[in-house]
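K.L.:
Would you mind keeping the following structure in view while I ask a few things?
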Amino acid sequence: MRTFAAYGAEKNRRSGRDPSPTRFCYQQGGLVIPLAEAQENVLARCSVLEPAVVGIGEARGLVTTGTVTAPEPVPHFDNTAMDGFAVRSVDVVDAPVALTIVGTVAAGPVPDITVGAGQAARIMTGAAIPPGSDAVIMVELTEVGSDGTRVTVTRPVPAGNHIRRAGEDLVVGQTVFGPGEVLTPGHLGVLTSLGIYQVRVRPRARVGVMSTGSELIEGPQALEVGQIRDSNRHTLLALLAEAGCEPVDLGCLADDEDEIAAGIGAGVEACDALLTSGGVSMGDYDYVKKVLDEIGDMTWMQVAIKPAKPLAFGLVKGVPVFGLPGNPVSSMVSFELFARPGLRRMMGHPPDAWHRRPVTGRAAEPLRRRADGKTHFARVRVEYAGGEYLARSAGGQGSHQLSAMAAADALAVLPDGDGLDGGDPVELLILR
């Protein structure tokens, strides 16, 4: 059986393409493109997933694809909102009055008593309203006699007092949710209150994450010179889970072309999208780049941002593949700006929810940068004080300084120039 790499090489030979690293980098060019253009390129090729029916336990955060209507009323029957006594309102007009207690209605059973003139029934919250009564008076406004057979109602109450009517929340046939609704815990509560335990939605995107590099080490063992721990894969898996996707760990692969080709091939067969990190900068000789160019329809971009300037994106067998930068902060920022919006589009979220909505805050201290033609995304800590967001640097701004990214609450968007002075307005992407 041919590997994906062998298939790609054969395709290149037929088309006359030169897959050598030098030709490859020259073909893709070094043109720096605006952020919006790169984002549009990604979003345009992230197709929405086909609908699926899922159980209620899997549905939180997913997006409905059709209209849900109420098959039954909520509440299903008239019931009491209070512990107290079910009475006839006409009997308590001249309160205080004493009424005869004819029984107790608990939540659950069908009432087996009827409230007649001059009578009252004990009733517990949620219990069905017994026939004959038309109001409930809370227990705090009553006094039960010493023998337990009589109750004095101290105040008059109107008909319907503390009664939750059948269908008061939802009536049969009423539209509960329309298409495009993101299911929250409250939505799930409504569905189960209607007896709906399966719902048609856009499914959770199943996204594979693979790391490549013979220098990468997994585990706590001591590092040799030249080795680094594989942190990006674990970071990206956690970011995917936080974004509502189903993360799939595809492991860490050595710098071996056949192994990488087989790994990518298996990943696109099993997943809705694929993330790799590293090997996307111009001039790198990297097997991931070589394999993806052979088997996929990839675009290798240099985006006018810092960090996360290099980005690879394209389709392999119709599956979106995100080639993110290898530096850990660049990988996280690239995920935030490109992969997360694309994946949210795939899962059916509306356009205004693909990207985080920026908010305007104020720099609590100078946020400096150098002019270089790029938009910088500074890692900042944010507090809300005096009715506004105040942003301070979270630490070192190097693309390798992951600790500052971990400490950051937001990304501060710094336009080209020298940066901001303390007190200047700043656009913020709140991360948490």
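Ligands are numbered from 1 in the order shown, chains are lettered A, B, ... in the order of the structure tokens, and residues start at 1 in each chain.
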Find the nearest atom pair between each residue of stretch 36-104 of chain A and stretch 293-298 of chain A for residues within 12 Å, count only C-alpha atoms, give distances in Å to one decimal, sort rows by chain and ascending number, and present the table as CSV.
P.N.:
```
residue,atom,partner,partner_atom,distance
A:Asn41,CA,A:Met298,CA,11.0
A:Val42,CA,A:Met298,CA,10.8
A:Arg45,CA,A:Asp297,CA,10.8
```
K.L.:
Kindly save the residues from that selection, with N, CA and C atoms included, as a PDB file, in the first residue's frame.
P.N.:
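For reference, result_38.pdb as written:
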```pdb
ATOM      1  N   ASN A  41      -9.169  33.453   4.384  1.00  0.00           N
ATOM      2  CA  ASN A  41      -8.718  32.269   3.663  1.00  0.00           C
ATOM      3  C   ASN A  41      -9.033  31.005   4.447  1.00  0.00           C
ATOM      4  N   VAL A  42      -8.804  31.047   5.764  1.00  0.00           N
ATOM      5  CA  VAL A  42      -9.093  29.889   6.616  1.00  0.00           C
ATOM      6  C   VAL A  42     -10.592  29.628   6.691  1.00  0.00           C
ATOM      7  N   ARG A  45     -12.558  27.938   3.846  1.00  0.00           N
ATOM      8  CA  ARG A  45     -12.316  26.532   3.519  1.00  0.00           C
ATOM      9  C   ARG A  45     -12.663  25.592   4.685  1.00  0.00           C
TER      10      ARG A  45
END
```
K.L.:
Please give the complete set of residues from stretch 281-402 of chain A that DSSP, run on the backbone, assigns to helix (DSSP H, G or I), formatted as a PyMOL selection string.
P.N.:
chain A and resi 287-295+328-346+351-353+402
K.L.:
Hey, what's within 8 Å of A:Phe322 if we count only C-alpha atoms and toss same-chain stuff fewer than 2 positions away? As a list in words, please?
P.N.:
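So the residues in contact are Ala273, Leu274, Leu275, Thr276, Leu311, Ala312, Phe313, Gly314, Pro320, Leu324 and Ala339 of chain A.
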K.L.:
Just the selected residues (N, CA, C and O atoms), exported as an mmCIF file, in the first residue's frame, please.
P.N.:
```
data_model
loop_
_atom_site.group_PDB
_atom_site.id
_atom_site.type_symbol
_atom_site.label_atom_id
_atom_site.label_comp_id
_atom_site.auth_asym_id
_atom_site.auth_seq_id
_atom_site.Cartn_x
_atom_site.Cartn_y
_atom_site.Cartn_z
ATOM 1 N N ALA A 273 -10.612 17.690 11.546
ATOM 2 C CA ALA A 273 -9.575 18.682 11.311
ATOM 3 C C ALA A 273 -8.305 18.194 11.998
ATOM 4 O O ALA A 273 -8.339 17.286 12.839
ATOM 5 N N LEU A 274 -7.189 18.816 11.630
ATOM 6 C CA LEU A 274 -5.894 18.375 12.141
ATOM 7 C C LEU A 274 -5.046 19.592 12.473
ATOM 8 O O LEU A 274 -5.031 20.577 11.729
ATOM 9 N N LEU A 275 -4.348 19.539 13.621
ATOM 10 C CA LEU A 275 -3.406 20.586 14.010
ATOM 11 C C LEU A 275 -2.011 19.998 14.109
ATOM 12 O O LEU A 275 -1.809 18.942 14.709
ATOM 13 N N THR A 276 -1.045 20.690 13.502
ATOM 14 C CA THR A 276 0.361 20.381 13.732
ATOM 15 C C THR A 276 1.027 21.662 14.224
ATOM 16 O O THR A 276 0.484 22.758 14.054
ATOM 17 N N LEU A 311 2.025 30.707 9.052
ATOM 18 C CA LEU A 311 0.834 29.863 9.158
ATOM 19 C C LEU A 311 0.695 29.039 7.898
ATOM 20 O O LEU A 311 0.808 29.564 6.788
ATOM 21 N N ALA A 312 0.455 27.767 8.080
ATOM 22 C CA ALA A 312 0.103 26.891 6.963
ATOM 23 C C ALA A 312 -1.340 26.460 7.143
ATOM 24 O O ALA A 312 -1.764 26.120 8.249
ATOM 25 N N PHE A 313 -2.074 26.498 6.055
ATOM 26 C CA PHE A 313 -3.458 26.022 6.135
ATOM 27 C C PHE A 313 -3.872 25.475 4.779
ATOM 28 O O PHE A 313 -3.521 26.009 3.724
ATOM 29 N N GLY A 314 -4.650 24.416 4.821
ATOM 30 C CA GLY A 314 -5.169 23.847 3.587
ATOM 31 C C GLY A 314 -5.996 22.620 3.871
ATOM 32 O O GLY A 314 -6.391 22.350 5.019
ATOM 33 N N PRO A 320 -9.610 20.052 6.873
ATOM 34 C CA PRO A 320 -8.765 21.212 7.173
ATOM 35 C C PRO A 320 -7.555 20.821 8.024
ATOM 36 O O PRO A 320 -7.684 20.098 9.022
ATOM 37 N N LEU A 324 0.527 25.167 12.576
ATOM 38 C CA LEU A 324 0.778 26.284 13.464
ATOM 39 C C LEU A 324 2.278 26.419 13.733
ATOM 40 O O LEU A 324 3.035 25.451 13.608
ATOM 41 N N ALA A 339 -7.284 28.918 14.094
ATOM 42 C CA ALA A 339 -7.906 27.600 14.255
ATOM 43 C C ALA A 339 -9.229 27.682 15.010
ATOM 44 O O ALA A 339 -10.229 27.086 14.590
#
```
K.L.:
If we count only C-alpha atoms and set the cut-off at 9 Å, which residues sit around stretch 188-190 of chain A, ignoring sequence neighbours fewer than 3 positions away in its own chain? Please answer as a count of residues only.
P.N.:
13
K.L.:
May I ask which of the residues A:Thr125, A:Phe377, A:Glu246, A:Ile33 is the closest one to A:Glu58, counting only C-alpha atoms?
P.N.:
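Looking only at the distances to A:Glu58, the closest residue turns out to be A:Glu246.
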K.L.:
Between atom CA of A:Gly55 and atom CA of A:Gln198, what is the spacing in Å?
P.N.:
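So the answer is 4.5 Å.
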K.L.:
List every residue of stretch 210-352 of chain A that DSSP, applied to the backbone of this structure, places in strand (DSSP E), and write the result as an MDAnalysis selection string.
P.N.:
chainID A and resid 210:212 216:217 228:229 246:253 273:277 297:303 305:306 310:316 319:324
K.L.:
Contacts of stretch 150-162 of chain A at 8 Å or less, counting only C-alpha atoms, minus same-chain residues fewer than 3 places along, as a count of residues only?
P.N.:
26
K.L.:
Considering only C-alpha atoms, return as a PyMOL selection string whatever protein or nucleic-acid residues lie within 7 Å of A:Thr67, sequence-local ones (same chain, fewer than 5 positions apart) excluded.
P.N.:
chain A and resi 175+177-179
K.L.:
Using only C-alpha atoms, which residues sit within 9 Å of A:Phe335 once same-chain residues fewer than 5 positions away are excluded, as a list of chain:residue names?
P.N.:
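The residues that qualify are A:Leu236, A:Leu239, A:Phe322, A:Leu324, A:Ser330, A:Arg340, A:Pro341.
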K.L.:
Please determine, counting only C-alpha atoms, which residue among A:Ser393, A:Asn327, A:Thr212, A:Gln174 has the shortest atom-to-atom distance to A:Asp256.
P.N.:
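Checking each candidate against A:Asp256, we get A:Thr212 as the closest.
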K.L.:
Between A:Gly66, A:Gly213, A:Pro203, A:Pro328, which is the closest to A:Leu402 once you count only C-alpha atoms?
P.N.:
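The answer is A:Pro328, which sits nearest to A:Leu402.
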K.L.:
For atom CA of A:Val248 and atom CA of A:Glu50, quote the distance in Å rounded to one decimal.
P.N.:
19.4 Å
K.L.:
Counting only C-alpha atoms, figure out which residue out of A:Ala407, A:Ala364, A:Ala304, A:Ile264 gets nearest to A:Val321.
P.N.:
A:Ile264
K.L.:
Go through stretch 176-281 of chain A residue by residue and, counting only C-alpha atoms, keep those with an atom at most 7 Å from stretch 286-289 of chain A; for each kept residue give the shortest atom pair and its distance in Å to one decimal, ordered by chain and increasing number, as a Markdown table.
P.N.:
```
| residue | atom | partner | partner_atom | distance |
| --- | --- | --- | --- | --- |
| A:Asp255 | CA | A:Tyr287 | CA | 6.7 |
| A:Glu257 | CA | A:Tyr287 | CA | 5.6 |
| A:Ile260 | CA | A:Val288 | CA | 6.7 |
| A:Gly279 | CA | A:Asp286 | CA | 5.5 |
| A:Val280 | CA | A:Lys289 | CA | 6.7 |
```
K.L.:
To one decimal place, how far is atom CA of A:Gly167 from atom CA of A:Pro111 in Å?
P.N.:
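Distance reported for this atom pair: 19.4 Å.
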K.L.:
Using only C-alpha atoms, which residue out of A:Val303, A:Ala308, A:Ala406, A:Ala353 lies closest to A:Glu37?
P.N.:
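With only C-alpha atoms as the atom set, the closest residue is A:Val303.
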